[in-house]
file structure07.csv (CSV, C-alpha atoms)
chain,number,residue,atom,x,y,z
A,1,GLY,CA,-59.2,22.7,-121.2
A,2,MET,CA,-57.0,24.5,-118.8
A,3,LYS,CA,-54.2,26.6,-120.3
A,4,ALA,CA,-52.1,27.5,-117.3
A,5,ALA,CA,-49.0,28.3,-119.4
A,6,VAL,CA,-46.8,27.2,-116.4
A,7,TYR,CA,-43.6,27.0,-118.4
A,8,SER,CA,-44.1,30.3,-120.1
A,9,ARG,CA,-44.8,32.0,-116.8
A,10,LEU,CA,-41.6,30.4,-115.3
A,11,ALA,CA,-39.6,31.7,-118.3
A,12,ASP,CA,-41.1,35.2,-117.7
A,13,GLY,CA,-40.1,35.0,-114.1
A,14,LEU,CA,-36.6,33.9,-114.9
A,15,ALA,CA,-36.2,36.6,-117.6
A,16,ALA,CA,-37.3,39.3,-115.1
A,17,ARG,CA,-34.3,38.2,-113.0
A,18,GLY,CA,-31.9,38.3,-115.9
A,19,VAL,CA,-31.9,34.6,-116.6
A,20,ALA,CA,-32.3,33.5,-120.2
A,21,SER,CA,-34.1,30.2,-120.8
A,22,VAL,CA,-35.3,27.9,-123.6
A,23,ARG,CA,-38.4,25.6,-123.5
A,24,ILE,CA,-38.4,22.5,-125.6
A,25,ASP,CA,-41.1,20.1,-126.7
A,26,LYS,CA,-40.5,16.4,-127.0
A,27,ARG,CA,-39.4,15.0,-130.3
A,28,GLY,CA,-42.3,14.7,-132.7
A,29,LEU,CA,-44.7,16.9,-130.6
A,30,PHE,CA,-45.9,20.5,-130.9
A,31,GLY,CA,-42.9,22.7,-131.7
A,32,SER,CA,-40.8,19.7,-132.3
A,33,ALA,CA,-43.3,18.0,-134.5
A,34,ARG,CA,-41.0,17.9,-137.5
A,35,ALA,CA,-38.1,16.3,-135.7
A,36,ILE,CA,-39.4,12.8,-136.1
A,37,ARG,CA,-42.3,11.2,-137.9
A,38,ASN,CA,-43.5,9.0,-135.0
A,39,PRO,CA,-43.2,10.7,-131.6
A,40,PHE,CA,-43.4,7.2,-129.9
A,41,ASP,CA,-40.3,6.0,-131.7
A,42,VAL,CA,-38.0,7.3,-129.1
A,43,ARG,CA,-36.1,6.3,-126.0
A,44,VAL,CA,-34.9,8.2,-123.0
A,45,SER,CA,-31.4,8.3,-124.5
A,46,ASP,CA,-32.9,10.2,-127.5
A,47,TYR,CA,-34.3,12.9,-125.2
A,48,VAL,CA,-30.9,13.0,-123.5
A,49,ASP,CA,-29.2,13.5,-126.9
A,50,ASP,CA,-31.6,16.4,-127.5
A,51,LEU,CA,-30.6,18.1,-124.2
A,52,PHE,CA,-26.9,17.9,-125.1
A,53,ALA,CA,-27.7,19.4,-128.6
A,54,TRP,CA,-29.7,22.2,-127.0
A,55,ALA,CA,-26.9,22.9,-124.5
A,56,ALA,CA,-24.3,23.1,-127.3
A,57,ALA,CA,-26.5,25.5,-129.3
A,58,LEU,CA,-27.1,27.7,-126.2
A,59,SER,CA,-23.5,27.8,-125.3
A,60,GLN,CA,-22.7,28.8,-128.9
A,61,SER,CA,-25.4,31.4,-129.3
A,62,ARG,CA,-25.4,32.9,-125.8
A,63,GLY,CA,-21.8,32.4,-124.8
A,64,ALA,CA,-23.2,30.5,-121.8
A,65,ASP,CA,-20.6,28.9,-119.5
A,66,GLY,CA,-22.8,25.9,-118.7
A,67,VAL,CA,-26.6,25.4,-118.6
A,68,TRP,CA,-29.0,24.6,-115.8
A,69,LEU,CA,-31.5,21.9,-116.5
A,70,ILE,CA,-35.0,22.3,-115.2
A,71,GLY,CA,-37.0,19.0,-115.6
A,72,HIS,CA,-40.7,18.7,-114.8
A,73,SER,CA,-42.2,15.3,-114.1
A,74,GLU,CA,-40.8,12.8,-116.6
A,75,GLY,CA,-38.4,15.6,-117.7
A,76,GLY,CA,-36.8,15.4,-114.3
A,77,LEU,CA,-35.8,11.8,-115.0
A,78,VAL,CA,-34.5,12.8,-118.4
A,79,ALA,CA,-32.4,15.6,-116.8
A,80,LEU,CA,-31.0,13.1,-114.3
A,81,ALA,CA,-30.1,10.7,-117.1
A,82,ALA,CA,-28.3,13.6,-118.9
A,83,ALA,CA,-26.3,14.4,-115.8
A,84,ALA,CA,-25.4,10.8,-115.3
A,85,ARG,CA,-24.1,10.5,-118.9
A,86,ASP,CA,-21.9,13.6,-118.7
A,87,PRO,CA,-22.0,16.4,-116.1
A,88,ALA,CA,-19.7,18.7,-118.1
A,89,PRO,CA,-22.3,20.9,-119.9
A,90,TRP,CA,-24.5,21.4,-116.8
A,91,ARG,CA,-24.2,23.9,-113.9
A,92,GLY,CA,-26.9,22.1,-111.9
A,93,LEU,CA,-30.4,20.5,-111.9
A,94,VAL,CA,-33.8,21.7,-110.9
A,95,LEU,CA,-36.3,18.8,-110.5
A,96,LEU,CA,-39.9,19.9,-110.4
A,97,ALA,CA,-42.4,17.2,-109.4
A,98,ALA,CA,-40.0,14.6,-110.6
A,99,PRO,CA,-40.5,10.9,-109.9
A,100,GLY,CA,-38.1,9.6,-107.3
A,101,GLN,CA,-39.0,6.0,-107.7
A,102,PRO,CA,-38.9,3.8,-110.8
A,103,VAL,CA,-41.9,4.6,-113.1
A,104,GLY,CA,-43.3,1.2,-112.6
A,105,THR,CA,-43.7,1.9,-108.9
A,106,VAL,CA,-45.3,5.2,-109.7
A,107,LEU,CA,-47.8,3.7,-112.1
A,108,ARG,CA,-48.8,1.0,-109.7
A,109,ARG,CA,-49.5,3.6,-107.0
A,110,GLN,CA,-51.4,5.9,-109.3
A,111,LEU,CA,-53.6,3.1,-110.5
A,112,ALA,CA,-54.2,1.8,-107.0
A,113,GLU,CA,-55.3,5.2,-105.8
A,114,GLY,CA,-57.7,5.5,-108.8
A,115,THR,CA,-59.6,2.3,-108.3
A,116,ALA,CA,-60.4,-0.5,-105.9
A,117,ASP,CA,-61.3,-2.9,-108.7
A,118,ALA,CA,-59.2,-6.0,-107.9
A,119,ASP,CA,-59.4,-7.5,-111.4
A,120,PHE,CA,-58.3,-4.3,-113.0
A,121,LEU,CA,-55.4,-3.9,-110.6
A,122,ALA,CA,-54.3,-7.5,-111.1
A,123,ALA,CA,-54.3,-7.0,-114.9
A,124,ALA,CA,-52.3,-3.8,-114.5
A,125,GLU,CA,-49.8,-5.4,-112.3
A,126,ALA,CA,-49.3,-8.3,-114.8
A,127,ALA,CA,-48.9,-5.9,-117.7
A,128,ILE,CA,-46.5,-3.6,-115.9
A,129,GLY,CA,-44.5,-6.6,-114.8
A,130,GLU,CA,-44.3,-7.8,-118.4
A,131,LEU,CA,-43.1,-4.4,-119.5
A,132,GLU,CA,-40.5,-4.3,-116.8
A,133,ALA,CA,-39.2,-7.6,-118.0
A,134,GLY,CA,-38.8,-6.1,-121.5
A,135,ARG,CA,-41.9,-7.8,-123.1
A,136,THR,CA,-44.8,-6.1,-124.8
A,137,VAL,CA,-48.4,-6.9,-124.0
A,138,ALA,CA,-51.2,-7.0,-126.6
A,139,GLN,CA,-53.3,-3.9,-126.1
A,140,ALA,CA,-56.5,-5.7,-127.0
A,141,THR,CA,-56.0,-8.1,-124.0
A,142,LEU,CA,-56.0,-5.3,-121.5
A,143,PRO,CA,-59.0,-3.9,-119.7
A,144,VAL,CA,-60.5,-1.0,-121.6
A,145,GLY,CA,-59.5,1.5,-119.0
A,146,LEU,CA,-55.9,0.5,-119.2
A,147,GLN,CA,-55.6,0.6,-123.0
A,148,PRO,CA,-55.0,4.3,-123.3
A,149,LEU,CA,-52.1,4.2,-120.8
A,150,LEU,CA,-50.4,1.1,-122.1
A,151,ASN,CA,-51.3,1.2,-125.8
A,152,ASP,CA,-49.3,-0.7,-128.3
A,153,ALA,CA,-47.6,2.3,-129.8
A,154,VAL,CA,-46.1,3.6,-126.5
A,155,GLN,CA,-45.1,0.3,-125.0
A,156,PRO,CA,-41.5,0.2,-126.5
A,157,TYR,CA,-40.8,3.6,-124.9
A,158,LEU,CA,-42.3,2.5,-121.6
A,159,ILE,CA,-40.1,-0.6,-121.6
A,160,ASP,CA,-37.1,1.7,-121.8
A,161,LEU,CA,-38.4,4.2,-119.3
A,162,LEU,CA,-39.2,1.6,-116.7
A,163,ARG,CA,-35.5,0.6,-116.6
A,164,TYR,CA,-34.5,3.9,-114.9
A,165,ASP,CA,-34.2,4.5,-111.2
A,166,PRO,CA,-34.4,8.3,-110.6
A,167,ALA,CA,-33.0,8.1,-107.0
A,168,ARG,CA,-30.0,6.1,-108.2
A,169,LEU,CA,-29.4,8.6,-111.0
A,170,ALA,CA,-29.7,11.4,-108.5
A,171,ALA,CA,-27.1,9.8,-106.2
A,172,SER,CA,-24.7,9.3,-109.1
A,173,THR,CA,-24.2,13.0,-109.8
A,174,GLY,CA,-22.6,15.6,-107.6
A,175,LEU,CA,-24.1,18.6,-109.5
A,176,PRO,CA,-25.9,21.2,-107.5
A,177,MET,CA,-29.6,20.2,-107.3
A,178,LEU,CA,-32.9,21.7,-106.2
A,179,ILE,CA,-35.8,19.2,-105.6
A,180,ALA,CA,-39.2,20.8,-105.6
A,181,TRP,CA,-42.6,19.2,-105.0
A,182,GLY,CA,-46.2,20.4,-104.4
A,183,ASP,CA,-48.1,18.6,-101.6
A,184,ALA,CA,-51.3,18.6,-103.7
A,185,ASP,CA,-49.7,16.6,-106.5
A,186,LEU,CA,-51.8,13.6,-107.4
A,187,GLN,CA,-49.3,12.2,-109.9
A,188,VAL,CA,-46.0,12.3,-108.0
A,189,ALA,CA,-46.1,11.4,-104.3
A,190,GLU,CA,-44.3,12.6,-101.2
A,191,ALA,CA,-42.5,9.2,-101.4
A,192,ASP,CA,-40.9,10.3,-104.6
A,193,PHE,CA,-39.8,13.7,-103.2
A,194,ALA,CA,-38.4,11.9,-100.1
A,195,ALA,CA,-36.6,9.3,-102.3
A,196,LEU,CA,-34.8,12.0,-104.3
A,197,ALA,CA,-34.0,14.0,-101.1
A,198,ALA,CA,-32.6,10.9,-99.5
A,199,ALA,CA,-30.4,10.1,-102.5
A,200,ARG,CA,-29.0,13.6,-102.4
A,201,PRO,CA,-29.1,14.8,-98.8
A,202,ASP,CA,-26.9,17.8,-99.8
A,203,ALA,CA,-29.5,19.0,-102.3
A,204,ALA,CA,-31.8,22.0,-101.7
A,205,THR,CA,-35.4,21.0,-101.3
A,206,LEU,CA,-38.6,23.0,-101.7
A,207,ARG,CA,-42.0,21.7,-100.5
A,208,LEU,CA,-44.8,23.8,-102.0
A,209,PRO,CA,-48.0,23.8,-100.0
A,210,GLY,CA,-51.2,23.5,-102.0
A,211,ILE,CA,-49.4,23.2,-105.4
A,212,ASN,CA,-50.4,20.4,-107.8
A,213,HIS,CA,-48.5,18.7,-110.6
call {"tool": "encode", "arguments": {"input": "structure07.csv", "output": "structure tokens"}}
result
Amino acid sequence: GMKAAVYSRLADGLAARGVASVRIDKRGLFGSARAIRNPFDVRVSDYVDDLFAWAAALSQSRGADGVWLIGHSEGGLVALAAAARDPAPWRGLVLLAAPGQPVGTVLRRQLAEGTADADFLAAAEAAIGELEAGRTVAQATLPVGLQPLLNDAVQPYLIDLLRYDPARLAASTGLPMLIAWGDADLQVAEADFAALAAARPDAATLRLPGINH
């Protein structure tokens, strides 16, 4: 029930410093609800396509000579994928609480931190392994607590998402980069922050004490 309006406040802070920004919703969701009928019928490359389309629109409407990408959480991975595809439209990247390890690794850690139920974790490990191998898993065969996370509708997208290695993507681009992470984050770990920083030792890093995801 919290409405922290984090992105809106960030935009206000940037505007106060003379920096224009645009905030976008994922295809099929909220402000982008009309973009696609099924919001799960997407791949990371579709989100990357959208970033390039927004960059072109901004450059045309604002006369901007390049755009900075700010990606939060999964959006950080998408921003890295966009930079890896073509760095030309981008001035640099800001990664906020972004995963630095493959999402399968992140999911395993999150689940292990949430429960000590060995049977549940074994089922989760098997399911994530299948998805990493490119195979779907029948939702009905999963433990009830795992079904919302790995439901049938989202699995094709997860199969695609699990293919990406954020640290490898970070190392593949020479664009200016800021990597920020809050040490009270329960979703993205310090290991993710460290992996991105190690992949780009020249990047600026910002560790935020007491800040969550």
call {"tool": "atom_distance", "arguments": {"input": "structure07.csv", "atom1": "CA of Thr205 (chain A)", "atom2": "CA of Gly63 (chain A)"}}
result
29.4 Å
call {"tool": "closest_residue", "arguments": {"input": "structure07.csv", "among": "A:Gly76, A:Ala140, A:Arg62, A:Leu149", "to": "Ala124 (chain A)", "atoms": "all atoms listed in the file"}}
result
A:Leu149
call {"tool": "atom_distance", "arguments": {"input": "structure07.csv", "atom1": "CA of Trp90 (chain A)", "atom2": "CA of Arg200 (chain A)"}}
result
17.0 Å
call {"tool": "residues_around", "arguments": {"input": "structure07.csv", "residues": "Thr141 (chain A)", "least_positions_apart": "5", "cutoff": "10 Å", "atoms": "only C-alpha atoms", "output": "ChimeraX atom specification"}}
result
/A:123,127,146-147
call {"tool": "residues_around", "arguments": {"input": "structure07.csv", "residues": "Asp165 (chain A)", "least_positions_apart": "4", "cutoff": "7 Å", "atoms": "only C-alpha atoms", "output": "list in words"}}
result
Gln101, Pro102 and Leu169 of chain A
call {"tool": "residues_around", "arguments": {"input": "structure07.csv", "residues": "Gln155 (chain A)", "least_positions_apart": "4", "cutoff": "12 Å", "atoms": "all atoms listed in the file", "output": "list in words"}}
result
Phe40, Asp41, Val42, Arg43, Ala127, Ile128, Glu130, Leu131, Glu132, Gly134, Arg135, Thr136, Val137, Ala138, Gln139, Gln147, Pro148, Leu149, Leu150, Asn151, Ile159, Asp160, Leu161 and Leu162 of chain A
call {"tool": "write_last_selection", "arguments": {"input": "structure07.csv", "atoms": "C-alpha atoms", "output": "mmCIF file, in the frame of the given file"}}
result
data_model
loop_
_atom_site.group_PDB
_atom_site.id
_atom_site.type_symbol
_atom_site.label_atom_id
_atom_site.label_comp_id
_atom_site.auth_asym_id
_atom_site.auth_seq_id
_atom_site.Cartn_x
_atom_site.Cartn_y
_atom_site.Cartn_z
ATOM 1 C CA PHE A 40 -43.400 7.200 -129.900
ATOM 2 C CA ASP A 41 -40.300 6.000 -131.700
ATOM 3 C CA VAL A 42 -38.000 7.300 -129.100
ATOM 4 C CA ARG A 43 -36.100 6.300 -126.000
ATOM 5 C CA ALA A 127 -48.900 -5.900 -117.700
ATOM 6 C CA ILE A 128 -46.500 -3.600 -115.900
ATOM 7 C CA GLU A 130 -44.300 -7.800 -118.400
ATOM 8 C CA LEU A 131 -43.100 -4.400 -119.500
ATOM 9 C CA GLU A 132 -40.500 -4.300 -116.800
ATOM 10 C CA GLY A 134 -38.800 -6.100 -121.500
ATOM 11 C CA ARG A 135 -41.900 -7.800 -123.100
ATOM 12 C CA THR A 136 -44.800 -6.100 -124.800
ATOM 13 C CA VAL A 137 -48.400 -6.900 -124.000
ATOM 14 C CA ALA A 138 -51.200 -7.000 -126.600
ATOM 15 C CA GLN A 139 -53.300 -3.900 -126.100
ATOM 16 C CA GLN A 147 -55.600 0.600 -123.000
ATOM 17 C CA PRO A 148 -55.000 4.300 -123.300
ATOM 18 C CA LEU A 149 -52.100 4.200 -120.800
ATOM 19 C CA LEU A 150 -50.400 1.100 -122.100
ATOM 20 C CA ASN A 151 -51.300 1.200 -125.800
ATOM 21 C CA ILE A 159 -40.100 -0.600 -121.600
ATOM 22 C CA ASP A 160 -37.100 1.700 -121.800
ATOM 23 C CA LEU A 161 -38.400 4.200 -119.300
ATOM 24 C CA LEU A 162 -39.200 1.600 -116.700
#
call {"tool": "closest_residue", "arguments": {"input": "structure07.csv", "among": "A:Ala153, A:Ala97, A:Val6, A:Ala20", "to": "Ala184 (chain A)", "atoms": "only C-alpha atoms"}}
result
A:Ala97
call {"tool": "closest_residue", "arguments": {"input": "structure07.csv", "among": "A:Glu113, A:Asp46, A:Asp25, A:Asp65", "to": "Ala82 (chain A)", "atoms": "only C-alpha atoms"}}
result
A:Asp46
call {"tool": "atom_distance", "arguments": {"input": "structure07.csv", "atom1": "CA of Tyr7 (chain A)", "atom2": "CA of Leu186 (chain A)"}}
result
19.2 Å
call {"tool": "residues_around", "arguments": {"input": "structure07.csv", "residues": "Ala56 (chain A)", "least_positions_apart": "5", "cutoff": "9 Å", "atoms": "all atoms listed in the file", "output": "list in words"}}
result
Leu51, Ser61 and Pro89 of chain A
call {"tool": "residues_around", "arguments": {"input": "structure07.csv", "residues": "Pro209 (chain A)", "least_positions_apart": "2", "cutoff": "12 Å", "atoms": "all atoms listed in the file", "output": "list in words"}}
result
Ala180, Trp181, Gly182, Asp183, Ala184, Asp185, Glu190, Leu206, Arg207, Ile211, Asn212 and His213 of chain A
call {"tool": "closest_residue", "arguments": {"input": "structure07.csv", "among": "A:Leu107, A:Ala204, A:Ala57, A:Val154", "to": "Asn38 (chain A)", "atoms": "only C-alpha atoms"}}
result
A:Val154
call {"tool": "closest_residue", "arguments": {"input": "structure07.csv", "among": "A:Gly92, A:Pro143, A:Gly28, A:Pro99", "to": "Thr173 (chain A)", "atoms": "all atoms listed in the file"}}
result
A:Gly92
call {"tool": "closest_residue", "arguments": {"input": "structure07.csv", "among": "A:Gly18, A:Gly145, A:Gly13, A:Gly174", "to": "Arg91 (chain A)", "atoms": "only C-alpha atoms"}}
result
A:Gly174
